[in-house]
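*Asks:* Would you mind keeping the following structure in view while I ask a few things?
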Amino acid sequence: MIGALATQLIGLFVDDGFLAAGILIAVAAIASLILLGALPAWLAGLLLTLSMPAALAASVARSARQAPRPDAADEGPPAPP
């Protein structure tokens with residue numbers, strides 16, 4: 001019971017694991033480059049601005065590929081009675 005509740009609570013914040021992982025990886029990579037001094041702050045902001053919409057677009061494209069498609073028989077006008 002508590003496990004199911006925890007799963008639902010986490011699901012409120014992380015609905016798409018692929019999107020969450022992409023965001024975490026991008027933020028961690030950019031933050032580590034900033035901490036190492038290899039990346040100026042303005043470039044980090046630019047990379048974050050570009051990587052977040054890219055992660056979202058990749059997640060949407062992945063979800064669209066996995067969505068069930070209607071059968072070809074379901075399309076078109078209905079048969080006459």
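Note on naming: chains are A, B, ... as they come in the structure tokens, residues start from 1 per chain, ligands start from 1 in the order shown.
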DSSP says alpha helix (DSSP H) for which residues of chain A? Put them as an MDAnalysis selection string?
*Replies:* chainID A and resid 2:13 17:35 41:66
*Asks:* Find the residues near stretch 41-53 of chain A: any atom within 7 Å, counting only C-alpha atoms, skip ones fewer than 3 places away on the same chain, and give them as a count of residues only.
*Replies:* 5
*Asks:* As an exercise, work out the distance from atom CA of A:Ala54 to atom CA of A:Gly22 in Å and give it to one decimal place.
*Replies:*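 These atoms are spaced 9.2 Å apart.
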